[in-house]
Amino acid sequence: MLQYLIHFCYCIIFYFSLLLNWWYNKIGKWKNKNNNDKNFLNLNEKEITKFPKDLAFVLDSNNIQNKLEPSLIECIYHVIQWSLTIYPKFNENFIESLTFYDKDGILESYFIEIQEYLNKNFNFNNIRILKVENNLNSNFIICNNNNTHIKLPLTLNITYEKITHDESIIARTLKIRFISFNSSGKPNITKLTNQLLNEMKMSLHDNGANNNNKNIDNNVDNDKVDKNNNEEIHEKINEIVQKRVNLYVKEFMPEPNLLIVFSKPVLVLFGFPPLHLRYTEFQHVTIDFDRFTKQDLLKCIYNYITCDQRFGK
C-alpha cells in the first residue's frame with residue numbers, strides 16, 4: 001500500500017512540474033515578445049549600424065492559394081502599412097522597397113486589385129499618400145541588337161510624405177514588387193544568360209575582324225598581338241557582364257537586406273531568384289502569412305539590426 005502511495009505522489013509531483021515548466025516557458029516567450037517591442041522602439045537611431053531598407057517576403061503558393069482574395073489583399077496592405085509606420089521616430093532608416101514572391105504568381109494575378117485596395121484605404125498616422133502608380137506600360141527591358149526583352153516585376157510606386165516629430169515634412173517613395181518563378185526566376189535568368197552569350201559572340205567577332213585588319217596593315221610580333229588580344233577580350237567580357245547584370249539587378253530588384261520566408265516545417269525558398277541573395281539575411285517564419293502580425297515583423301527587423309553578419313568569414 002505504501003509503495004502505491006509513494007508512486008502516486010511521485011506522479012502528481014512529476015506532472016505538476018511539467019505544468020509549471022509549460023507556464024514558465026509561455027510567460028518567458030510573452031516577456032521576450034514584449035521586450036523585443038520595447039527594445040526596438042527604444043533604439044537610438046544614431047546607434048544603428050544597419051537597417052533592412054530592402055525587405056522581401058517568400059510565400060508558399062500552396063498555402064496562400066487557399067486564402068480568399070480579400071483576406072490575402074488585406075494581409076499585403078497590413079504589411080505595407082506596418083513598413084511605413086512601425087518606426088515613426090526614425091528619419092534616416094526606413095524601408096525603401098518591399099518584394100513579395102510566390103512561386104505560382106498568385107499575388108501577380110491580384111496586382112490591379114491590390115493597387116485599387118491601396119488607393120481606397122490609405123490613411124496612416126503621420127503619413128500622407130500623394131500617389132500610387134504602377135509600371136504596367138514599362139515592365140520590361142529591351143535588349144540591344146535584337147528584339148528580345150527581359151520582363152521586370154510588376155511594381156507599385158508609392159509616393160508619400162512623412163511628418164516627423166518636429167513637424168517637418170520628408171518626401172519619400174516606397175517600391176512594392178510582385179515576382180514569381182515564371183516571370184522573374186529561372187526563365188528570366190536563362191534569357192539574361194543567352195543575351196550575355198550573344199553579346200560576347202558579337203564582341204569577339206568584331207574584335208577578331210579589327211585585329212585581322214591591324215595585322216594586315218602592320219608587321220608586328222604575333223605573340224604580343226595574341227597577349228593584347230586576350231587582355232582586350234577579357235576586359236570586354238567583364239564590361240558586358242557587369243553592364244548587363246548590373247542593369248538587370250538594378251531594374252529588376254535590389255538585393256534584399258532581409259528575406260522573411262514563410263514555410264513549414266523547414267526553410268524553403270521556392271525558387272526565389274538566386275542572383276539577389278549573396279549577402280541577404282534570412283528570417284524563417286513557420287506561421288501562415290495571414291497570421292503574421294506587426295509584432296512578428298518588428299521582431300524580424302530587430303533581429304536583423306542586432307545580428308552579427310559575418311558574410312562567410
# chains A, B, ... in the order shown; residues from 1 in each chain; ligands from 1

$ residues_around --residues "Asn125 of chain A" --least-positions-apart "5" --cutoff "12 Å" --atoms "only C-alpha atoms" --output "MDAnalysis selection string"
chainID A and resid 81:82 84:88 161:165

$ write_last_selection --atoms "all heavy atoms" --output "tab-separated table (two decimals), in the first residue's frame"
chain	number	residue	atom	x	y	z
A	81	GLN	N	1.44	48.88	-44.56
A	81	GLN	CA	1.14	49.85	-43.51
A	81	GLN	C	2.18	49.79	-42.39
A	81	GLN	O	2.70	50.82	-41.95
A	81	GLN	CB	-0.25	49.59	-42.95
A	81	GLN	CG	-0.66	50.56	-41.85
A	81	GLN	CD	-1.99	50.18	-41.23
A	81	GLN	OE1	-2.34	48.99	-41.19
A	81	GLN	NE2	-2.73	51.15	-40.74
A	82	TRP	N	2.50	48.59	-41.94
A	82	TRP	CA	3.48	48.44	-40.86
A	82	TRP	C	4.85	48.93	-41.31
A	82	TRP	O	5.59	49.54	-40.53
A	82	TRP	CB	3.57	46.98	-40.43
A	82	TRP	CG	2.28	46.41	-39.94
A	82	TRP	CD1	1.24	47.09	-39.39
A	82	TRP	CD2	1.87	45.04	-40.00
A	82	TRP	NE1	0.21	46.24	-39.08
A	82	TRP	CE2	0.57	44.96	-39.45
A	82	TRP	CE3	2.46	43.87	-40.46
A	82	TRP	CZ2	-0.12	43.75	-39.35
A	82	TRP	CZ3	1.77	42.67	-40.36
A	82	TRP	CH2	0.50	42.62	-39.81
A	84	LEU	N	5.56	51.30	-43.26
A	84	LEU	CA	5.60	52.75	-43.30
A	84	LEU	C	5.54	53.38	-41.90
A	84	LEU	O	6.02	54.50	-41.70
A	84	LEU	CB	4.44	53.29	-44.14
A	84	LEU	CG	4.51	53.05	-45.64
A	84	LEU	CD1	3.21	53.46	-46.31
A	84	LEU	CD2	5.68	53.79	-46.26
A	85	THR	N	4.95	52.67	-40.94
A	85	THR	CA	4.64	53.30	-39.65
A	85	THR	C	5.27	52.62	-38.44
A	85	THR	O	5.10	53.10	-37.32
A	85	THR	CB	3.12	53.32	-39.44
A	85	THR	OG1	2.62	51.96	-39.42
A	85	THR	CG2	2.42	54.09	-40.55
A	86	ILE	N	6.01	51.53	-38.63
A	86	ILE	CA	6.49	50.76	-37.48
A	86	ILE	C	7.60	51.45	-36.71
A	86	ILE	O	7.86	51.14	-35.56
A	86	ILE	CB	6.95	49.36	-37.96
A	86	ILE	CG1	6.92	48.38	-36.80
A	86	ILE	CG2	8.31	49.42	-38.62
A	86	ILE	CD1	7.13	46.94	-37.19
A	87	TYR	N	8.28	52.40	-37.31
A	87	TYR	CA	9.38	53.11	-36.65
A	87	TYR	C	9.22	54.61	-36.86
A	87	TYR	O	9.96	55.24	-37.59
A	87	TYR	CB	10.74	52.64	-37.19
A	87	TYR	CG	10.69	52.24	-38.64
A	87	TYR	CD1	10.75	53.20	-39.65
A	87	TYR	CD2	10.55	50.91	-39.00
A	87	TYR	CE1	10.68	52.83	-40.97
A	87	TYR	CE2	10.47	50.55	-40.32
A	87	TYR	CZ	10.54	51.50	-41.29
A	87	TYR	OH	10.46	51.14	-42.60
A	88	PRO	N	8.22	55.23	-36.25
A	88	PRO	CA	7.89	56.63	-36.51
A	88	PRO	C	8.99	57.63	-36.13
A	88	PRO	O	9.04	58.73	-36.68
A	88	PRO	CB	6.63	56.86	-35.67
A	88	PRO	CG	6.70	55.82	-34.59
A	88	PRO	CD	7.35	54.63	-35.22
A	161	GLU	N	4.48	61.50	-48.12
A	161	GLU	CA	5.15	62.46	-47.25
A	161	GLU	C	5.00	62.02	-45.80
A	161	GLU	O	3.91	61.63	-45.37
A	161	GLU	CB	4.56	63.86	-47.42
A	161	GLU	CG	4.86	64.49	-48.76
A	161	GLU	CD	4.26	65.87	-48.90
A	161	GLU	OE1	3.33	66.20	-48.13
A	161	GLU	OE2	4.72	66.63	-49.79
A	162	LYS	N	6.11	62.08	-45.07
A	162	LYS	CA	6.10	61.72	-43.67
A	162	LYS	C	6.28	62.97	-42.83
A	162	LYS	O	7.18	63.79	-43.08
A	162	LYS	CB	7.22	60.72	-43.35
A	162	LYS	CG	7.31	60.38	-41.87
A	162	LYS	CD	8.49	59.49	-41.55
A	162	LYS	CE	8.59	59.26	-40.05
A	162	LYS	NZ	9.74	58.41	-39.68
A	163	ILE	N	5.42	63.12	-41.82
A	163	ILE	CA	5.53	64.24	-40.88
A	163	ILE	C	6.34	63.76	-39.68
A	163	ILE	O	5.92	62.84	-38.97
A	163	ILE	CB	4.14	64.73	-40.44
A	163	ILE	CG1	3.31	65.11	-41.66
A	163	ILE	CG2	4.27	65.91	-39.48
A	163	ILE	CD1	1.88	65.47	-41.34
A	164	THR	N	7.50	64.33	-39.46
A	164	THR	CA	8.39	63.91	-38.37
A	164	THR	C	7.92	64.50	-37.05
A	164	THR	O	6.98	65.29	-36.98
A	164	THR	CB	9.83	64.35	-38.67
A	164	THR	OG1	9.88	65.78	-38.71
A	164	THR	CG2	10.30	63.79	-40.01
A	165	HIS	N	8.62	64.07	-35.95
A	165	HIS	CA	8.24	64.52	-34.61
A	165	HIS	C	8.44	66.02	-34.43
A	165	HIS	O	7.79	66.63	-33.57
A	165	HIS	CB	9.03	63.76	-33.56
A	165	HIS	CG	10.52	63.91	-33.68
A	165	HIS	ND1	11.26	63.17	-34.58
A	165	HIS	CD2	11.39	64.73	-33.05
A	165	HIS	CE1	12.53	63.52	-34.49
A	165	HIS	NE2	12.64	64.47	-33.57

$ atom_distance --atom1 "atom CA of Leu98 of chain A" --atom2 "atom CA of His78 of chain A"
12.4 Å

$ atom_distance --atom1 "atom CA of Asp60 of chain A" --atom2 "atom CA of Thr173 of chain A"
27.8 Å

$ residues_around --residues "Asn137 of chain A" --least-positions-apart "4" --cutoff "12 Å" --atoms "only C-alpha atoms" --output "count of residues only"
7

$ select_by_dssp --residues "segment 90-174 of chain A" --states "alpha helix (DSSP H)" --output "list in words"
Ile106, Leu107, Glu108, Ser109, Phe111, Ile112, Glu113, Ile114, Gln115, Glu116, Tyr117, Leu118, Asn119, Lys120 and Asn121 of chain A

$ write_last_selection --atoms "all heavy atoms" --output "compact mmCIF listing (two decimals), in the first residue's frame"
# COMPACT_ATOMS: atom_id res chain seq x y z
N ILE A 106 0.49 33.96 -57.72
CA ILE A 106 -0.87 34.27 -57.26
C ILE A 106 -1.02 35.75 -56.95
O ILE A 106 -2.01 36.40 -57.32
CB ILE A 106 -1.22 33.42 -56.02
CG1 ILE A 106 -1.23 31.94 -56.40
CG2 ILE A 106 -2.55 33.84 -55.42
CD1 ILE A 106 -1.40 30.99 -55.23
N LEU A 107 0.01 36.33 -56.30
CA LEU A 107 -0.06 37.75 -55.97
C LEU A 107 0.00 38.61 -57.23
O LEU A 107 -0.61 39.68 -57.28
CB LEU A 107 1.09 38.12 -55.03
CG LEU A 107 1.02 37.48 -53.63
CD1 LEU A 107 2.22 37.90 -52.80
CD2 LEU A 107 -0.26 37.87 -52.92
N GLU A 108 0.74 38.16 -58.24
CA GLU A 108 0.79 38.90 -59.51
C GLU A 108 -0.60 38.99 -60.14
O GLU A 108 -0.95 40.01 -60.75
CB GLU A 108 1.76 38.24 -60.47
CG GLU A 108 3.22 38.40 -60.10
CD GLU A 108 4.15 37.70 -61.08
OE1 GLU A 108 3.77 36.65 -61.63
OE2 GLU A 108 5.25 38.21 -61.31
N SER A 109 -1.39 37.94 -60.00
CA SER A 109 -2.74 37.94 -60.59
C SER A 109 -3.67 38.91 -59.87
O SER A 109 -4.70 39.31 -60.43
CB SER A 109 -3.33 36.53 -60.55
OG SER A 109 -3.54 36.10 -59.20
N PHE A 111 -2.62 41.93 -58.85
CA PHE A 111 -1.87 43.18 -58.85
C PHE A 111 -2.78 44.41 -58.91
O PHE A 111 -2.65 45.35 -58.11
CB PHE A 111 -0.88 43.18 -60.02
CG PHE A 111 -0.04 44.42 -60.13
CD1 PHE A 111 0.99 44.66 -59.24
CD2 PHE A 111 -0.27 45.35 -61.14
CE1 PHE A 111 1.78 45.80 -59.33
CE2 PHE A 111 0.51 46.49 -61.24
CZ PHE A 111 1.53 46.71 -60.33
N ILE A 112 -3.70 44.42 -59.85
CA ILE A 112 -4.61 45.57 -60.01
C ILE A 112 -5.51 45.70 -58.78
O ILE A 112 -5.75 46.82 -58.29
CB ILE A 112 -5.47 45.42 -61.28
CG1 ILE A 112 -4.56 45.41 -62.52
CG2 ILE A 112 -6.48 46.55 -61.37
CD1 ILE A 112 -3.77 46.68 -62.71
N GLU A 113 -6.01 44.59 -58.28
CA GLU A 113 -6.88 44.63 -57.10
C GLU A 113 -6.14 45.18 -55.89
O GLU A 113 -6.72 45.93 -55.08
CB GLU A 113 -7.41 43.22 -56.78
CG GLU A 113 -8.44 42.70 -57.77
CD GLU A 113 -7.82 42.15 -59.03
OE1 GLU A 113 -6.57 42.18 -59.16
OE2 GLU A 113 -8.58 41.70 -59.92
N ILE A 114 -4.84 44.83 -55.76
CA ILE A 114 -4.05 45.35 -54.64
C ILE A 114 -3.88 46.87 -54.76
O ILE A 114 -4.03 47.59 -53.78
CB ILE A 114 -2.67 44.65 -54.60
CG1 ILE A 114 -2.84 43.18 -54.21
CG2 ILE A 114 -1.74 45.35 -53.61
CD1 ILE A 114 -1.56 42.36 -54.31
N GLN A 115 -3.60 47.35 -55.98
CA GLN A 115 -3.46 48.79 -56.18
C GLN A 115 -4.77 49.51 -55.86
O GLN A 115 -4.76 50.57 -55.20
CB GLN A 115 -3.03 49.09 -57.61
CG GLN A 115 -2.84 50.59 -57.85
CD GLN A 115 -2.39 50.91 -59.27
OE1 GLN A 115 -2.32 50.02 -60.11
NE2 GLN A 115 -2.08 52.17 -59.54
N GLU A 116 -5.88 48.98 -56.31
CA GLU A 116 -7.17 49.61 -56.03
C GLU A 116 -7.47 49.63 -54.54
O GLU A 116 -7.99 50.62 -54.01
CB GLU A 116 -8.29 48.86 -56.78
CG GLU A 116 -8.21 49.02 -58.29
CD GLU A 116 -9.24 48.18 -59.02
OE1 GLU A 116 -9.89 47.33 -58.35
OE2 GLU A 116 -9.39 48.36 -60.24
N TYR A 117 -7.11 48.55 -53.85
CA TYR A 117 -7.34 48.49 -52.40
C TYR A 117 -6.48 49.54 -51.69
O TYR A 117 -6.94 50.20 -50.75
CB TYR A 117 -7.00 47.09 -51.89
CG TYR A 117 -7.43 46.85 -50.46
CD1 TYR A 117 -8.67 46.29 -50.17
CD2 TYR A 117 -6.59 47.17 -49.40
CE1 TYR A 117 -9.06 46.06 -48.86
CE2 TYR A 117 -6.98 46.95 -48.08
CZ TYR A 117 -8.21 46.40 -47.83
OH TYR A 117 -8.60 46.19 -46.52
N LEU A 118 -5.25 49.70 -52.14
CA LEU A 118 -4.36 50.70 -51.52
C LEU A 118 -4.90 52.11 -51.75
O LEU A 118 -4.86 52.96 -50.85
CB LEU A 118 -2.95 50.58 -52.11
CG LEU A 118 -2.17 49.31 -51.77
CD1 LEU A 118 -0.84 49.30 -52.50
CD2 LEU A 118 -1.95 49.19 -50.28
N ASN A 119 -5.40 52.40 -52.94
CA ASN A 119 -5.93 53.72 -53.23
C ASN A 119 -7.14 54.06 -52.36
O ASN A 119 -7.34 55.22 -51.99
CB ASN A 119 -6.32 53.83 -54.71
CG ASN A 119 -5.12 53.99 -55.63
OD1 ASN A 119 -4.15 54.65 -55.28
ND2 ASN A 119 -5.17 53.36 -56.80
N LYS A 120 -7.92 53.06 -52.02
CA LYS A 120 -9.14 53.29 -51.25
C LYS A 120 -8.89 53.37 -49.75
O LYS A 120 -9.64 54.03 -49.02
CB LYS A 120 -10.15 52.16 -51.51
CG LYS A 120 -10.70 52.14 -52.92
CD LYS A 120 -11.64 50.96 -53.09
CE LYS A 120 -12.18 50.89 -54.52
NZ LYS A 120 -13.05 49.70 -54.71
N ASN A 121 -7.83 52.71 -49.26
CA ASN A 121 -7.70 52.52 -47.82
C ASN A 121 -6.47 53.17 -47.19
O ASN A 121 -6.21 52.96 -46.01
CB ASN A 121 -7.66 51.02 -47.51
CG ASN A 121 -8.96 50.33 -47.85
OD1 ASN A 121 -9.91 50.33 -47.09
ND2 ASN A 121 -9.00 49.71 -49.03

$ closest_atom_pairs --of "segment 157-201 of chain A" --to "segment 53-57 of chain A" --cutoff "10 Å" --atoms "only C-alpha atoms" --output "tab-separated table"
residue	atom	partner	partner_atom	distance
A:Leu174	CA	A:Asp54	CA	9.9
A:Lys175	CA	A:Asp54	CA	9.4
A:Ile176	CA	A:Ala56	CA	9.6
A:Arg177	CA	A:Ala56	CA	9.0
A:Phe178	CA	A:Phe57	CA	9.8

$ closest_residue --among "A:Glu96, A:Glu239, A:Glu199, A:Glu74" --to "Pro254 of chain A" --atoms "only C-alpha atoms"
A:Glu96

$ atom_distance --atom1 "atom CA of Gln65 of chain A" --atom2 "atom CA of Val261 of chain A"
16.5 Å

$ residues_around --residues "Ile170 of chain A" --least-positions-apart "2" --cutoff "12 Å" --atoms "only C-alpha atoms" --output "compact mmCIF listing (two decimals) with all heavy atoms, in the first residue's frame"
# COMPACT_ATOMS: atom_id res chain seq x y z
N PHE A 90 12.23 57.23 -36.56
CA PHE A 90 13.40 57.12 -37.42
C PHE A 90 13.24 58.03 -38.64
O PHE A 90 12.20 58.01 -39.31
CB PHE A 90 13.60 55.69 -37.89
CG PHE A 90 14.06 54.75 -36.81
CD1 PHE A 90 14.16 55.16 -35.49
CD2 PHE A 90 14.37 53.44 -37.11
CE1 PHE A 90 14.56 54.30 -34.49
CE2 PHE A 90 14.79 52.55 -36.12
CZ PHE A 90 14.88 53.00 -34.80
N ASN A 91 14.28 58.79 -38.94
CA ASN A 91 14.26 59.67 -40.11
C ASN A 91 15.21 59.19 -41.21
O ASN A 91 14.92 59.30 -42.39
CB ASN A 91 14.63 61.10 -39.72
CG ASN A 91 13.55 61.74 -38.84
OD1 ASN A 91 12.37 61.45 -39.00
ND2 ASN A 91 13.97 62.59 -37.92
N GLU A 92 16.36 58.65 -40.81
CA GLU A 92 17.37 58.20 -41.77
C GLU A 92 17.19 56.74 -42.16
O GLU A 92 17.56 56.34 -43.27
CB GLU A 92 18.78 58.41 -41.19
CG GLU A 92 19.10 59.85 -40.86
CD GLU A 92 19.10 60.75 -42.08
OE1 GLU A 92 19.43 60.25 -43.18
OE2 GLU A 92 18.74 61.93 -41.95
N PHE A 94 14.74 53.76 -42.99
CA PHE A 94 13.37 53.45 -43.37
C PHE A 94 13.39 52.43 -44.51
O PHE A 94 14.41 52.26 -45.18
CB PHE A 94 12.62 54.72 -43.80
CG PHE A 94 13.26 55.44 -44.94
CD1 PHE A 94 12.86 55.20 -46.25
CD2 PHE A 94 14.29 56.36 -44.72
CE1 PHE A 94 13.46 55.85 -47.31
CE2 PHE A 94 14.89 57.03 -45.78
CZ PHE A 94 14.47 56.77 -47.07
N ASN A 126 0.61 60.29 -39.50
CA ASN A 126 1.85 60.97 -39.87
C ASN A 126 2.33 60.62 -41.29
O ASN A 126 3.46 60.92 -41.65
CB ASN A 126 2.98 60.66 -38.88
CG ASN A 126 2.63 61.09 -37.47
OD1 ASN A 126 1.96 62.11 -37.28
ND2 ASN A 126 3.07 60.31 -36.49
N ILE A 127 1.48 59.96 -42.08
CA ILE A 127 1.83 59.60 -43.46
C ILE A 127 0.75 60.14 -44.40
O ILE A 127 -0.44 59.87 -44.20
CB ILE A 127 1.96 58.08 -43.64
CG1 ILE A 127 3.08 57.51 -42.77
CG2 ILE A 127 2.19 57.74 -45.11
CD1 ILE A 127 4.47 57.91 -43.19
N ARG A 128 1.16 60.88 -45.40
CA ARG A 128 0.21 61.38 -46.39
C ARG A 128 0.59 60.82 -47.75
O ARG A 128 1.67 61.11 -48.28
CB ARG A 128 0.21 62.91 -46.43
CG ARG A 128 -0.85 63.46 -47.39
CD ARG A 128 -0.96 64.97 -47.31
NE ARG A 128 0.24 65.61 -47.83
CZ ARG A 128 0.36 66.93 -47.98
NH1 ARG A 128 -0.62 67.72 -47.61
NH2 ARG A 128 1.48 67.44 -48.46
N ILE A 129 -0.28 59.99 -48.30
CA ILE A 129 -0.02 59.36 -49.59
C ILE A 129 -0.34 60.35 -50.70
O ILE A 129 -1.44 60.91 -50.76
CB ILE A 129 -0.86 58.09 -49.75
CG1 ILE A 129 -0.59 57.12 -48.60
CG2 ILE A 129 -0.57 57.43 -51.10
CD1 ILE A 129 0.84 56.69 -48.47
N THR A 159 4.34 57.21 -53.64
CA THR A 159 4.97 58.48 -53.25
C THR A 159 4.21 59.03 -52.07
O THR A 159 2.98 59.17 -52.12
CB THR A 159 4.94 59.49 -54.41
OG1 THR A 159 5.56 58.89 -55.56
CG2 THR A 159 5.68 60.75 -54.04
N TYR A 160 4.93 59.34 -51.00
CA TYR A 160 4.26 59.79 -49.78
C TYR A 160 5.11 60.82 -49.05
O TYR A 160 6.29 61.01 -49.33
CB TYR A 160 3.97 58.61 -48.84
CG TYR A 160 5.20 57.94 -48.27
CD1 TYR A 160 5.67 58.27 -46.99
CD2 TYR A 160 5.88 56.95 -48.98
CE1 TYR A 160 6.79 57.65 -46.46
CE2 TYR A 160 6.99 56.33 -48.45
CZ TYR A 160 7.44 56.68 -47.19
OH TYR A 160 8.56 56.07 -46.67
N GLU A 161 4.48 61.50 -48.12
CA GLU A 161 5.15 62.46 -47.25
C GLU A 161 5.00 62.02 -45.80
O GLU A 161 3.91 61.63 -45.37
CB GLU A 161 4.56 63.86 -47.42
CG GLU A 161 4.86 64.49 -48.76
CD GLU A 161 4.26 65.87 -48.90
OE1 GLU A 161 3.33 66.20 -48.13
OE2 GLU A 161 4.72 66.63 -49.79
N LYS A 162 6.11 62.08 -45.07
CA LYS A 162 6.10 61.72 -43.67
C LYS A 162 6.28 62.97 -42.83
O LYS A 162 7.18 63.79 -43.08
CB LYS A 162 7.22 60.72 -43.35
CG LYS A 162 7.31 60.38 -41.87
CD LYS A 162 8.49 59.49 -41.55
CE LYS A 162 8.59 59.26 -40.05
NZ LYS A 162 9.74 58.41 -39.68
N ILE A 163 5.42 63.12 -41.82
CA ILE A 163 5.53 64.24 -40.88
C ILE A 163 6.34 63.76 -39.68
O ILE A 163 5.92 62.84 -38.97
CB ILE A 163 4.14 64.73 -40.44
CG1 ILE A 163 3.31 65.11 -41.66
CG2 ILE A 163 4.27 65.91 -39.48
CD1 ILE A 163 1.88 65.47 -41.34
N THR A 164 7.50 64.33 -39.46
CA THR A 164 8.39 63.91 -38.37
C THR A 164 7.92 64.50 -37.05
O THR A 164 6.98 65.29 -36.98
CB THR A 164 9.83 64.35 -38.67
OG1 THR A 164 9.88 65.78 -38.71
CG2 THR A 164 10.30 63.79 -40.01
N HIS A 165 8.62 64.07 -35.95
CA HIS A 165 8.24 64.52 -34.61
C HIS A 165 8.44 66.02 -34.43
O HIS A 165 7.79 66.63 -33.57
CB HIS A 165 9.03 63.76 -33.56
CG HIS A 165 10.52 63.91 -33.68
ND1 HIS A 165 11.26 63.17 -34.58
CD2 HIS A 165 11.39 64.73 -33.05
CE1 HIS A 165 12.53 63.52 -34.49
NE2 HIS A 165 12.64 64.47 -33.57
N ASP A 166 9.32 66.63 -35.23
CA ASP A 166 9.50 68.09 -35.14
C ASP A 166 8.65 68.82 -36.18
O ASP A 166 8.87 70.00 -36.49
CB ASP A 166 10.97 68.46 -35.30
CG ASP A 166 11.55 67.99 -36.62
OD1 ASP A 166 10.83 67.29 -37.37
OD2 ASP A 166 12.72 68.29 -36.91
N GLU A 167 7.66 68.06 -36.77
CA GLU A 167 6.68 68.61 -37.70
C GLU A 167 7.27 69.05 -39.05
O GLU A 167 6.64 69.79 -39.79
CB GLU A 167 5.92 69.79 -37.07
CG GLU A 167 5.11 69.38 -35.85
CD GLU A 167 4.24 70.51 -35.33
OE1 GLU A 167 4.37 71.64 -35.86
OE2 GLU A 167 3.45 70.27 -34.42
N SER A 168 8.45 68.58 -39.37
CA SER A 168 8.98 68.79 -40.71
C SER A 168 8.45 67.69 -41.63
O SER A 168 8.00 66.64 -41.18
CB SER A 168 10.51 68.78 -40.70
OG SER A 168 11.00 67.53 -40.23
N ARG A 172 9.19 60.81 -49.71
CA ARG A 172 9.82 59.51 -49.96
C ARG A 172 9.01 58.71 -50.97
O ARG A 172 7.87 59.05 -51.29
CB ARG A 172 9.94 58.70 -48.66
CG ARG A 172 10.93 59.27 -47.66
CD ARG A 172 10.88 58.50 -46.38
NE ARG A 172 11.83 59.00 -45.39
CZ ARG A 172 11.78 58.71 -44.10
NH1 ARG A 172 10.85 57.91 -43.64
NH2 ARG A 172 12.68 59.21 -43.27
N THR A 173 9.64 57.64 -51.44
CA THR A 173 8.97 56.70 -52.35
C THR A 173 9.20 55.28 -51.86
O THR A 173 10.32 54.90 -51.53
CB THR A 173 9.50 56.84 -53.79
OG1 THR A 173 9.25 58.17 -54.25
CG2 THR A 173 8.79 55.85 -54.72

$ select_by_dssp --residues "segment 12-181 of chain A" --states "strand (DSSP E or B)" --output "number ranges by chain"
A: 54-59, 97-102, 124, 127-134, 140-142, 149-151, 154-163, 169-179
